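To start, the structure itself, in structure tokens.
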Amino acid sequence: MDEREVREQKLQELRANGTEPYPPRLSTPRTHTIAEALAAFDALAPDKTPITLVGRIVLWRDKKVIFANIEDGSGRIQLYLRPDDLGEQFDLVKKLDRGDFIEVTGFLFVTKMGERTLHVTHVGILSKSLRGLPEKHAGLQDTELRYRKRYLDLVANREEELPLFVARARTISALRRYLDDHGYLEVETPILQPIFGGATAKPFVTHHNALDRDFFLRIAPELYLKRLLVGGIERVYEVARNFRNEGIDRSHNPEFTMLEFYEAYADYNVMMTRVEEMTVAAAQAVLGKLSFTWGEHEIDLSPPWRRVTLHDAITEYTGIDYDQYPDRESLMAIMRERGIKFDARRAWGRLIDELKDEMFRSADPALLQPLILYDYPLDLSPLAKKKPGAPGTVERFQVHLAGMQLATAFSELNDPQDQRARFEDQLVQREGGDDEAQVLDDDYVEALEVGMPPAGGIGIGIDRLVMAFTGHDHIREVILFPTLRTMD
RNA sequence: GCGCUUGUAGCUCAGUGGUAGAGCAUGCGACUUUUAAUCGCAGGGUCGCGGGUUCGAGCCCCGCCGGGCGCACCA
């Protein structure tokens with residue numbers, strides 16, 4: 001008989017003895033969480049005050065008397081169960097296994113070995129576990145199992161996993177708090193979109209049966225949020241799950257969370273300050289300080305962050321001044337000369353992007369610190385406003401942190417004629433074979449024709465921010481259920 | 001998508017072409033203050049799946065499926 005069959009038999013025996021293994025509620029109210037009980041130990045132990053705790057059995061040491069450990073959401077405590085004290089109830093105790101949820105009433109004391117322990121006088125089962133928990137010391141190591149069965153990972157590797165996902169939740173709530181406190185309105189916009197836009201990416205396609213038409217899962221909420229600027233909502237944000245039909249690697253999951261927000265009458269300079277302030281607020285809330293370790297390095301979030309133009313940064317770190325190579329051919333020539341690999345089909349602006357990647361490949365630790373790179377080539381940024389007096393340049397910046405691209409932002413393009421021209425230029429690129437070029441959204445242009453105030457906007461990669469805060473270098477570590485291939 | 005690598009008991013892992021192993025977990029027994037409890041005994045395997053080579057395959061070869069790493073793509 002294997003473990004599961006043994007447990008099922010115990011379950012049947014419990015029922016046969018009139019004990020419901022999945023009762024609807026506790027038989028007596030829980031008086032403390034485990035953490036509360038331990039905190040109040042000195043007050044509770046001397047008088048043997050009866051308390052009731054609940055939790056899952058995580059260790060079981062049967063030594064004629066039984067020592068067990070249970071865990072609830074707050075912590076872990078040892079139980080002491082004696083046949084003499086429990087009488088008939090010991091029949092139930094013998095049906096318990098590691099993994100079961102139980103309620104226990106008793107009093108606190110300190111064992112000979114110095115451990116604070118609950119001396120159990122009553123025990124009841126709350127939920128019978130039919131499958132054993134993962135190995136008790138090595139835990140659950142197999143990465144595939146950890147992601148496919150995250151509940152086992154959370155049980156077996158609780159000390160690492162629970163704080164991690166708490167940090168993720170606190171990061172998002174701190175960012176929300178910042179925006180709420182600064183007059184922003186949180187909204188929800190369509191995930192099913194008839195036209196995708198707001199980013200350079202390939203979409204997922206799905207189908208609506210009743211309407212008999214295809215929809216795209218959004219690659220970004222951007223165009224809808226800016227329609228709300230047109231509608232007169234001056235400050236607006238969305239915590240948006242986005243979907244991009246592209247490869248999976250340490251910084252990319254097909255679905256990911258992006259915080260986008262837009263502010264009327266602001267520009268990209270304002271957004272630089274916003275992202276700084278809110279990241280600092282989140283770090284304070286999550287880490288309690290403005291620094292964290294990343295591999296061998298210490299990263300300091302104290303503002304102001306270094307701000308440098310993309311042009312100057314690339315010149316500094318790669319030695320290539322791209323103003324000297326204003327066309328594809330000459331730029332490709334110098335890149336080839338320096339041994340920088342690139343895709344020869346790329347437009348000039350995309351080659352600049354390759355140079356930027358090359359810059360981050362240089363592994364200069366200075367580039368791990370928060371860095372704002374601003375002023376981008378026009379042809380990479382069809383939704384950003386042109387920078388006055390700087391032809392071919394738009395008011396756009398990206399935030400880099402811990403070597404990752406964390407955010408991208410710009411002074412939003414609100415000139416409907418320019419926007420239409422940019423979309424049409426994207427269409428040319430699309431017809432030229434670039435299946436990631438953006439598509440023309442007529443309804444969006446129409447909205448701009450109604451009139452959108454000048455505005456700054458930004459998208460912040462939440463998963464990556466959490467990676468930085470928690471020191472993880474793989475995005476799937478900070479997503480509870482990362483995308484995996486399905487098993488046949 | 002491409003390359004490399006990996007898949008053995010519920011979990012963590014050994015395994016040299018010749019009878020499939022260990023620890024934990026499970027079952028039985030001993031032990032009435034243990035600490036990853038300990039001790040004894042026992043059960044537990046489609047060696048990812050399918051084909052091939054061989055007298056003989058967990059091991060060698062081919063294909064498929066899943067995972068990991070790298071590249072490509074991207075945020």
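Each chain of the structure tokens is named A, B, ... in the order shown, its residues numbered from 1; ligands are numbered from 1 in display order.
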### Query
Tell me, which residues of region 179-376 of chain A carry DSSP helix (DSSP H, G or I), written as a ChimeraX atom specification?
/A:179-181,222-230,268-286,310-318,322-324,328-337,348-361,365-368
Residues of chain A within 8 Å of chain B, counting only C-alpha atoms (C1' of nucleotides), what are they? List them as an mmCIF file with all heavy atoms, in the first residue's frame.
```
data_model
loop_
_atom_site.group_PDB
_atom_site.id
_atom_site.type_symbol
_atom_site.label_atom_id
_atom_site.label_comp_id
_atom_site.auth_asym_id
_atom_site.auth_seq_id
_atom_site.Cartn_x
_atom_site.Cartn_y
_atom_site.Cartn_z
ATOM 1 N N MET A 1 0.842 -1.199 0.000
ATOM 2 C CA MET A 1 0.000 0.000 0.000
ATOM 3 C C MET A 1 0.878 1.250 0.000
ATOM 4 O O MET A 1 1.751 1.378 0.845
ATOM 5 C CB MET A 1 -0.884 -0.009 1.247
ATOM 6 C CG MET A 1 -2.237 0.545 0.954
ATOM 7 S SD MET A 1 -3.491 0.184 2.199
ATOM 8 C CE MET A 1 -2.697 0.405 3.765
ATOM 9 N N ASP A 2 0.650 2.108 -0.951
ATOM 10 C CA ASP A 2 1.504 3.298 -0.963
ATOM 11 C C ASP A 2 0.943 4.362 -0.017
ATOM 12 O O ASP A 2 -0.117 4.207 0.580
ATOM 13 C CB ASP A 2 1.692 3.830 -2.389
ATOM 14 C CG ASP A 2 0.413 4.385 -2.987
ATOM 15 O OD1 ASP A 2 -0.519 4.707 -2.230
ATOM 16 O OD2 ASP A 2 0.358 4.489 -4.224
ATOM 17 N N GLU A 3 1.701 5.436 0.091
ATOM 18 C CA GLU A 3 1.378 6.447 1.089
ATOM 19 C C GLU A 3 -0.034 6.995 0.906
ATOM 20 O O GLU A 3 -0.791 7.165 1.857
ATOM 21 C CB GLU A 3 2.396 7.577 1.021
ATOM 22 C CG GLU A 3 2.106 8.648 2.067
ATOM 23 C CD GLU A 3 3.224 9.665 2.186
ATOM 24 O OE1 GLU A 3 4.160 9.622 1.372
ATOM 25 O OE2 GLU A 3 3.147 10.504 3.094
ATOM 26 N N ARG A 61 7.113 13.707 14.992
ATOM 27 C CA ARG A 61 8.097 12.829 15.630
ATOM 28 C C ARG A 61 7.362 11.959 16.648
ATOM 29 O O ARG A 61 6.991 12.429 17.721
ATOM 30 C CB ARG A 61 9.191 13.650 16.333
ATOM 31 C CG ARG A 61 10.013 14.495 15.385
ATOM 32 C CD ARG A 61 11.178 15.163 16.095
ATOM 33 N NE ARG A 61 10.764 16.238 16.982
ATOM 34 C CZ ARG A 61 10.416 17.456 16.577
ATOM 35 N NH1 ARG A 61 10.451 17.762 15.308
ATOM 36 N NH2 ARG A 61 10.045 18.365 17.454
ATOM 37 N N LYS A 63 7.294 9.341 19.263
ATOM 38 C CA LYS A 63 8.260 8.756 20.196
ATOM 39 C C LYS A 63 7.499 8.293 21.423
ATOM 40 O O LYS A 63 7.844 8.610 22.546
ATOM 41 C CB LYS A 63 9.281 9.844 20.565
ATOM 42 C CG LYS A 63 10.472 9.361 21.363
ATOM 43 C CD LYS A 63 11.208 10.534 21.960
ATOM 44 C CE LYS A 63 12.322 10.048 22.883
ATOM 45 N NZ LYS A 63 11.795 9.247 23.979
ATOM 46 N N LYS A 64 6.428 7.548 21.205
ATOM 47 C CA LYS A 64 5.540 7.142 22.294
ATOM 48 C C LYS A 64 4.767 8.370 22.757
ATOM 49 O O LYS A 64 3.555 8.389 22.698
ATOM 50 C CB LYS A 64 6.330 6.505 23.458
ATOM 51 C CG LYS A 64 5.543 5.443 24.171
ATOM 52 C CD LYS A 64 5.295 4.255 23.273
ATOM 53 C CE LYS A 64 4.598 3.138 24.053
ATOM 54 N NZ LYS A 64 4.313 2.008 23.137
ATOM 55 N N VAL A 65 5.511 9.389 23.229
ATOM 56 C CA VAL A 65 4.888 10.708 23.208
ATOM 57 C C VAL A 65 5.210 11.279 21.839
ATOM 58 O O VAL A 65 6.166 10.859 21.201
ATOM 59 C CB VAL A 65 5.427 11.662 24.298
ATOM 60 C CG1 VAL A 65 5.110 11.111 25.668
ATOM 61 C CG2 VAL A 65 6.906 11.898 24.118
ATOM 62 N N ILE A 66 4.407 12.214 21.420
ATOM 63 C CA ILE A 66 4.599 12.737 20.070
ATOM 64 C C ILE A 66 4.981 14.201 20.129
ATOM 65 O O ILE A 66 4.348 14.986 20.857
ATOM 66 C CB ILE A 66 3.311 12.557 19.231
ATOM 67 C CG1 ILE A 66 3.071 11.060 18.999
ATOM 68 C CG2 ILE A 66 3.416 13.307 17.906
ATOM 69 C CD1 ILE A 66 1.714 10.748 18.417
ATOM 70 N N PHE A 67 6.019 14.531 19.401
ATOM 71 C CA PHE A 67 6.343 15.933 19.165
ATOM 72 C C PHE A 67 6.036 16.226 17.708
ATOM 73 O O PHE A 67 6.408 15.444 16.824
ATOM 74 C CB PHE A 67 7.813 16.216 19.451
ATOM 75 C CG PHE A 67 8.120 16.215 20.916
ATOM 76 C CD1 PHE A 67 8.527 15.051 21.559
ATOM 77 C CD2 PHE A 67 7.989 17.373 21.659
ATOM 78 C CE1 PHE A 67 8.787 15.051 22.917
ATOM 79 C CE2 PHE A 67 8.250 17.379 23.017
ATOM 80 C CZ PHE A 67 8.648 16.224 23.650
ATOM 81 N N ARG A 82 0.649 13.745 24.506
ATOM 82 C CA ARG A 82 0.854 12.535 25.324
ATOM 83 C C ARG A 82 -0.410 11.694 25.321
ATOM 84 O O ARG A 82 -1.499 12.209 25.514
ATOM 85 C CB ARG A 82 1.148 12.931 26.779
ATOM 86 C CG ARG A 82 2.441 13.649 27.013
ATOM 87 C CD ARG A 82 2.465 14.239 28.431
ATOM 88 N NE ARG A 82 2.141 13.242 29.439
ATOM 89 C CZ ARG A 82 3.074 12.618 30.177
ATOM 90 N NH1 ARG A 82 4.350 12.923 30.050
ATOM 91 N NH2 ARG A 82 2.714 11.723 31.064
ATOM 92 N N THR A 111 10.165 23.080 26.985
ATOM 93 C CA THR A 111 10.660 21.718 27.150
ATOM 94 C C THR A 111 12.054 21.720 27.768
ATOM 95 O O THR A 111 12.716 22.753 27.867
ATOM 96 C CB THR A 111 10.754 20.981 25.806
ATOM 97 O OG1 THR A 111 11.748 21.637 25.010
ATOM 98 C CG2 THR A 111 9.426 20.971 25.081
ATOM 99 N N LYS A 112 12.477 20.524 28.140
ATOM 100 C CA LYS A 112 13.813 20.326 28.678
ATOM 101 C C LYS A 112 14.875 20.892 27.735
ATOM 102 O O LYS A 112 15.907 21.377 28.139
ATOM 103 C CB LYS A 112 14.034 18.809 28.834
ATOM 104 C CG LYS A 112 14.680 18.390 30.131
ATOM 105 C CD LYS A 112 14.941 16.908 30.103
ATOM 106 C CE LYS A 112 13.868 16.141 30.854
ATOM 107 N NZ LYS A 112 14.093 14.683 30.876
ATOM 108 N N MET A 113 14.578 20.778 26.431
ATOM 109 C CA MET A 113 15.534 21.250 25.434
ATOM 110 C C MET A 113 15.404 22.746 25.183
ATOM 111 O O MET A 113 16.079 23.291 24.319
ATOM 112 C CB MET A 113 15.342 20.504 24.114
ATOM 113 C CG MET A 113 15.466 18.995 24.242
ATOM 114 S SD MET A 113 17.084 18.469 24.874
ATOM 115 C CE MET A 113 18.107 18.790 23.438
ATOM 116 N N ARG A 131 -1.777 13.423 0.211
ATOM 117 C CA ARG A 131 -0.471 13.281 -0.426
ATOM 118 C C ARG A 131 0.590 13.842 0.499
ATOM 119 O O ARG A 131 0.401 14.900 1.081
ATOM 120 C CB ARG A 131 -0.397 14.057 -1.744
ATOM 121 C CG ARG A 131 -1.287 13.503 -2.823
ATOM 122 C CD ARG A 131 -1.241 14.391 -4.032
ATOM 123 N NE ARG A 131 -2.194 13.958 -5.046
ATOM 124 C CZ ARG A 131 -1.895 13.143 -6.051
ATOM 125 N NH1 ARG A 131 -0.653 12.696 -6.170
ATOM 126 N NH2 ARG A 131 -2.807 12.790 -6.916
ATOM 127 N N GLY A 132 1.688 13.151 0.592
ATOM 128 C CA GLY A 132 2.761 13.605 1.464
ATOM 129 C C GLY A 132 3.360 14.913 0.987
ATOM 130 O O GLY A 132 3.326 15.234 -0.186
ATOM 131 N N PRO A 134 6.567 17.506 0.320
ATOM 132 C CA PRO A 134 7.927 17.263 -0.188
ATOM 133 C C PRO A 134 8.907 16.976 0.945
ATOM 134 O O PRO A 134 8.642 17.265 2.102
ATOM 135 C CB PRO A 134 8.277 18.572 -0.902
ATOM 136 C CG PRO A 134 6.972 19.166 -1.270
ATOM 137 C CD PRO A 134 6.029 18.780 -0.174
ATOM 138 N N GLU A 135 10.017 16.459 0.580
ATOM 139 C CA GLU A 135 11.066 16.049 1.506
ATOM 140 C C GLU A 135 11.348 17.149 2.522
ATOM 141 O O GLU A 135 11.398 18.322 2.196
ATOM 142 C CB GLU A 135 12.324 15.738 0.687
ATOM 143 C CG GLU A 135 13.154 14.621 1.243
ATOM 144 C CD GLU A 135 14.231 15.130 2.164
ATOM 145 O OE1 GLU A 135 14.387 16.362 2.283
ATOM 146 O OE2 GLU A 135 14.914 14.310 2.767
ATOM 147 N N LYS A 136 11.538 16.742 3.775
ATOM 148 C CA LYS A 136 11.501 17.748 4.833
ATOM 149 C C LYS A 136 12.761 18.584 4.989
ATOM 150 O O LYS A 136 12.688 19.654 5.560
ATOM 151 C CB LYS A 136 11.142 17.099 6.170
ATOM 152 C CG LYS A 136 12.162 16.126 6.709
ATOM 153 C CD LYS A 136 11.588 15.443 7.945
ATOM 154 C CE LYS A 136 12.592 14.466 8.542
ATOM 155 N NZ LYS A 136 11.983 13.676 9.616
ATOM 156 N N HIS A 137 13.917 18.124 4.504
ATOM 157 C CA HIS A 137 15.065 19.049 4.594
ATOM 158 C C HIS A 137 15.502 19.564 3.237
ATOM 159 O O HIS A 137 15.660 20.754 3.067
ATOM 160 C CB HIS A 137 16.269 18.480 5.322
ATOM 161 C CG HIS A 137 16.165 17.041 5.696
ATOM 162 N ND1 HIS A 137 15.495 16.646 6.826
ATOM 163 C CD2 HIS A 137 16.618 15.916 5.107
ATOM 164 C CE1 HIS A 137 15.561 15.332 6.910
ATOM 165 N NE2 HIS A 137 16.217 14.865 5.888
ATOM 166 N N ALA A 138 15.669 18.660 2.277
ATOM 167 C CA ALA A 138 16.091 19.133 0.957
ATOM 168 C C ALA A 138 14.978 19.946 0.312
ATOM 169 O O ALA A 138 15.226 20.775 -0.551
ATOM 170 C CB ALA A 138 16.479 17.959 0.068
ATOM 171 N N GLY A 139 13.740 19.702 0.721
ATOM 172 C CA GLY A 139 12.632 20.466 0.178
ATOM 173 C C GLY A 139 12.348 20.097 -1.255
ATOM 174 O O GLY A 139 12.632 18.983 -1.688
ATOM 175 N N LEU A 140 11.791 21.046 -1.973
ATOM 176 C CA LEU A 140 11.457 20.817 -3.371
ATOM 177 C C LEU A 140 12.483 21.580 -4.204
ATOM 178 O O LEU A 140 12.504 22.797 -4.188
ATOM 179 C CB LEU A 140 10.038 21.312 -3.648
ATOM 180 C CG LEU A 140 9.425 20.936 -4.988
ATOM 181 C CD1 LEU A 140 9.184 19.441 -5.063
ATOM 182 C CD2 LEU A 140 8.126 21.694 -5.192
ATOM 183 N N GLN A 141 13.336 20.846 -4.920
ATOM 184 C CA GLN A 141 14.420 21.479 -5.672
ATOM 185 C C GLN A 141 14.096 21.600 -7.154
ATOM 186 O O GLN A 141 14.484 22.565 -7.799
ATOM 187 C CB GLN A 141 15.710 20.644 -5.537
ATOM 188 C CG GLN A 141 16.181 20.476 -4.124
ATOM 189 C CD GLN A 141 16.611 21.778 -3.515
ATOM 190 O OE1 GLN A 141 17.197 22.621 -4.187
ATOM 191 N NE2 GLN A 141 16.283 21.981 -2.251
ATOM 192 N N THR A 143 13.157 22.523 -10.476
ATOM 193 C CA THR A 143 12.607 23.813 -10.879
ATOM 194 C C THR A 143 11.266 23.641 -11.575
ATOM 195 O O THR A 143 10.340 24.417 -11.343
ATOM 196 C CB THR A 143 13.560 24.556 -11.815
ATOM 197 O OG1 THR A 143 13.920 23.693 -12.874
ATOM 198 C CG2 THR A 143 14.788 25.005 -11.087
ATOM 199 N N GLU A 144 11.161 22.628 -12.389
ATOM 200 C CA GLU A 144 9.906 22.412 -13.105
ATOM 201 C C GLU A 144 8.746 22.193 -12.135
ATOM 202 O O GLU A 144 7.689 22.804 -12.258
ATOM 203 C CB GLU A 144 10.062 21.200 -14.028
ATOM 204 C CG GLU A 144 8.830 20.931 -14.848
ATOM 205 C CD GLU A 144 9.025 19.784 -15.818
ATOM 206 O OE1 GLU A 144 10.134 19.222 -15.867
ATOM 207 O OE2 GLU A 144 8.056 19.460 -16.510
ATOM 208 N N ALA A 201 5.593 44.890 -30.388
ATOM 209 C CA ALA A 201 5.605 43.492 -29.979
ATOM 210 C C ALA A 201 4.576 42.707 -30.773
ATOM 211 O O ALA A 201 3.643 43.281 -31.332
ATOM 212 C CB ALA A 201 5.284 43.378 -28.486
ATOM 213 N N GLU A 246 6.183 36.366 -27.555
ATOM 214 C CA GLU A 246 7.605 36.319 -27.851
ATOM 215 C C GLU A 246 8.307 35.332 -26.940
ATOM 216 O O GLU A 246 7.676 34.651 -26.153
ATOM 217 C CB GLU A 246 8.193 37.732 -27.702
ATOM 218 C CG GLU A 246 7.946 38.551 -28.958
ATOM 219 C CD GLU A 246 7.714 40.019 -28.669
ATOM 220 O OE1 GLU A 246 7.897 40.436 -27.526
ATOM 221 O OE2 GLU A 246 7.333 40.739 -29.607
ATOM 222 N N GLY A 247 9.604 35.274 -27.078
ATOM 223 C CA GLY A 247 10.382 34.263 -26.368
ATOM 224 C C GLY A 247 10.364 34.441 -24.860
ATOM 225 O O GLY A 247 9.976 35.471 -24.338
ATOM 226 N N HIS A 252 11.886 37.851 -19.419
ATOM 227 C CA HIS A 252 10.653 37.909 -20.204
ATOM 228 C C HIS A 252 9.731 36.738 -19.910
ATOM 229 O O HIS A 252 10.123 35.582 -20.058
ATOM 230 C CB HIS A 252 10.970 37.870 -21.707
ATOM 231 C CG HIS A 252 11.812 39.011 -22.170
ATOM 232 N ND1 HIS A 252 11.284 40.141 -22.706
ATOM 233 C CD2 HIS A 252 13.144 39.194 -22.130
ATOM 234 C CE1 HIS A 252 12.258 40.978 -23.008
ATOM 235 N NE2 HIS A 252 13.397 40.422 -22.661
ATOM 236 N N GLN A 405 16.174 46.753 -18.247
ATOM 237 C CA GLN A 405 15.363 47.895 -18.628
ATOM 238 C C GLN A 405 14.092 47.849 -17.792
ATOM 239 O O GLN A 405 13.288 46.931 -17.898
ATOM 240 C CB GLN A 405 15.030 47.842 -20.109
ATOM 241 C CG GLN A 405 14.353 49.118 -20.566
ATOM 242 C CD GLN A 405 13.746 48.995 -21.939
ATOM 243 O OE1 GLN A 405 14.371 48.464 -22.843
ATOM 244 N NE2 GLN A 405 12.515 49.468 -22.074
ATOM 245 N N LEU A 406 13.930 48.836 -16.948
ATOM 246 C CA LEU A 406 12.845 48.816 -15.974
ATOM 247 C C LEU A 406 11.628 49.590 -16.470
ATOM 248 O O LEU A 406 10.493 49.216 -16.173
ATOM 249 C CB LEU A 406 13.341 49.440 -14.667
ATOM 250 C CG LEU A 406 12.353 49.438 -13.511
ATOM 251 C CD1 LEU A 406 12.135 48.025 -13.008
ATOM 252 C CD2 LEU A 406 12.847 50.337 -12.390
ATOM 253 N N GLY A 461 8.019 48.146 -15.550
ATOM 254 C CA GLY A 461 7.950 46.686 -15.473
ATOM 255 C C GLY A 461 7.986 46.248 -14.017
ATOM 256 O O GLY A 461 9.022 46.273 -13.353
ATOM 257 N N ARG A 485 5.533 25.223 -20.861
ATOM 258 C CA ARG A 485 4.912 24.365 -21.864
ATOM 259 C C ARG A 485 3.953 23.394 -21.173
ATOM 260 O O ARG A 485 4.248 22.917 -20.071
ATOM 261 C CB ARG A 485 6.025 23.542 -22.540
ATOM 262 C CG ARG A 485 5.941 23.436 -24.021
ATOM 263 C CD ARG A 485 7.141 22.673 -24.528
ATOM 264 N NE ARG A 485 8.328 23.518 -24.630
ATOM 265 C CZ ARG A 485 8.716 24.102 -25.758
ATOM 266 N NH1 ARG A 485 8.030 23.933 -26.858
ATOM 267 N NH2 ARG A 485 9.800 24.846 -25.783
ATOM 268 N N MET A 487 2.163 19.857 -20.501
ATOM 269 C CA MET A 487 2.608 18.462 -20.610
ATOM 270 C C MET A 487 1.572 17.671 -21.401
ATOM 271 O O MET A 487 0.384 17.867 -21.227
ATOM 272 C CB MET A 487 2.719 17.847 -19.213
ATOM 273 C CG MET A 487 3.597 18.638 -18.282
ATOM 274 S SD MET A 487 5.317 18.245 -18.487
ATOM 275 C CE MET A 487 5.422 16.745 -17.498
ATOM 276 N N ASP A 488 2.048 16.750 -22.213
ATOM 277 C CA ASP A 488 1.112 15.902 -22.971
ATOM 278 C C ASP A 488 0.568 14.784 -22.080
ATOM 279 O O ASP A 488 1.266 14.264 -21.248
ATOM 280 C CB ASP A 488 1.808 15.271 -24.179
ATOM 281 C CG ASP A 488 1.951 16.309 -25.282
ATOM 282 O OD1 ASP A 488 1.209 17.309 -25.245
ATOM 283 O OD2 ASP A 488 2.810 16.110 -26.146
#
```
### 12 Å contact set for C28 (chain B), only C-alpha atoms (C1' of nucleotides), chain neighbours under 3 positions out, as number ranges by chain
B: 40-43
### Query
Which one of A:Arg4, A:His472, A:Arg235, A:Lys95 sits closest to Arg250 (chain A) if you count only C-alpha atoms?
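When distances to Arg250 (chain A) are compared using only C-alpha atoms, the smallest one comes from A:His472.
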### Polymer residues at most 8 Å from region 170-172 of chain A, only C-alpha atoms (C1' of nucleotides), same-chain spacing of 6 or more positions, as an NGL selection string
:A and (282-283 or 285-286 or 462 or 466)
Requested write-out: all heavy atoms of the selected residues, as a PDB file, in the first residue's frame:
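Written out: out_5.pdb:
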```pdb
ATOM      1  N   ALA A 282       8.515  52.770  -2.835  1.00  0.00           N
ATOM      2  CA  ALA A 282       8.321  51.317  -2.814  1.00  0.00           C
ATOM      3  C   ALA A 282       9.467  50.638  -2.074  1.00  0.00           C
ATOM      4  O   ALA A 282       9.251  49.704  -1.291  1.00  0.00           O
ATOM      5  CB  ALA A 282       8.203  50.788  -4.239  1.00  0.00           C
ATOM      6  N   ALA A 283      10.682  51.103  -2.299  1.00  0.00           N
ATOM      7  CA  ALA A 283      11.837  50.504  -1.618  1.00  0.00           C
ATOM      8  C   ALA A 283      11.711  50.683  -0.106  1.00  0.00           C
ATOM      9  O   ALA A 283      11.991  49.761   0.665  1.00  0.00           O
ATOM     10  CB  ALA A 283      13.137  51.122  -2.129  1.00  0.00           C
ATOM     11  N   ALA A 285       8.963  50.940   1.544  1.00  0.00           N
ATOM     12  CA  ALA A 285       7.873  50.088   2.023  1.00  0.00           C
ATOM     13  C   ALA A 285       8.286  48.618   2.052  1.00  0.00           C
ATOM     14  O   ALA A 285       7.894  47.868   2.939  1.00  0.00           O
ATOM     15  CB  ALA A 285       6.642  50.272   1.133  1.00  0.00           C
ATOM     16  N   VAL A 286       9.077  48.208   1.076  1.00  0.00           N
ATOM     17  CA  VAL A 286       9.390  46.785   0.940  1.00  0.00           C
ATOM     18  C   VAL A 286      10.679  46.426   1.674  1.00  0.00           C
ATOM     19  O   VAL A 286      10.751  45.406   2.354  1.00  0.00           O
ATOM     20  CB  VAL A 286       9.521  46.414  -0.554  1.00  0.00           C
ATOM     21  CG1 VAL A 286       9.985  44.971  -0.722  1.00  0.00           C
ATOM     22  CG2 VAL A 286       8.184  46.632  -1.260  1.00  0.00           C
ATOM     23  N   ILE A 462       6.819  45.840 -13.528  1.00  0.00           N
ATOM     24  CA  ILE A 462       6.695  45.506 -12.110  1.00  0.00           C
ATOM     25  C   ILE A 462       7.482  44.254 -11.758  1.00  0.00           C
ATOM     26  O   ILE A 462       8.161  44.183 -10.736  1.00  0.00           O
ATOM     27  CB  ILE A 462       5.205  45.314 -11.746  1.00  0.00           C
ATOM     28  CG1 ILE A 462       4.449  46.635 -11.950  1.00  0.00           C
ATOM     29  CG2 ILE A 462       5.055  44.824 -10.319  1.00  0.00           C
ATOM     30  CD1 ILE A 462       4.974  47.772 -11.142  1.00  0.00           C
ATOM     31  N   VAL A 466      10.436  43.975  -8.924  1.00  0.00           N
ATOM     32  CA  VAL A 466      10.423  42.996  -7.836  1.00  0.00           C
ATOM     33  C   VAL A 466      11.683  42.127  -7.888  1.00  0.00           C
ATOM     34  O   VAL A 466      12.267  41.795  -6.864  1.00  0.00           O
ATOM     35  CB  VAL A 466       9.146  42.128  -7.903  1.00  0.00           C
ATOM     36  CG1 VAL A 466       9.183  41.031  -6.851  1.00  0.00           C
ATOM     37  CG2 VAL A 466       7.906  42.997  -7.723  1.00  0.00           C
TER      38      VAL A 466
END
```
#### Entry: Those of region 288-405 of chain A in DSSP strand (DSSP E or B), formatted as a ChimeraX atom specification
/A:291-294,297-300,306-309,371-377,384,386,393-401,404-405
### Task
Fewer than 3 positions away in the same chain doesn't count, so skip those; otherwise give me all residues within 10 Å of Asp418 (chain A), counting only C-alpha atoms (C1' of nucleotides), as JSON, numbers by chain.
{"A": [382, 383, 385, 386, 413, 414, 415, 421, 422, 423, 424, 445]}
### Query
Quick one, how far is C1' of G70 (chain B) from CA of Gly403 (chain A)?
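Computing it gives 18.1 Å between the two atoms.
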### From A:Ala39, A:Leu59, A:Leu133, A:Ile125, residue lying nearest Ser27 (chain A) [only C-alpha atoms]
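Smallest separation from Ser27 (chain A) among the options: A:Ile125.
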#### Entry: Coordinates-based distance that separates CA of Leu351 (chain A) from CA of Arg328 (chain A) (Å, one decimal)
7.9 Å
### Query
Rounded to one decimal in Å, what is the spacing between CA of Asp72 (chain A) and CA of Arg176 (chain A)?
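These atoms are spaced 28.7 Å apart.
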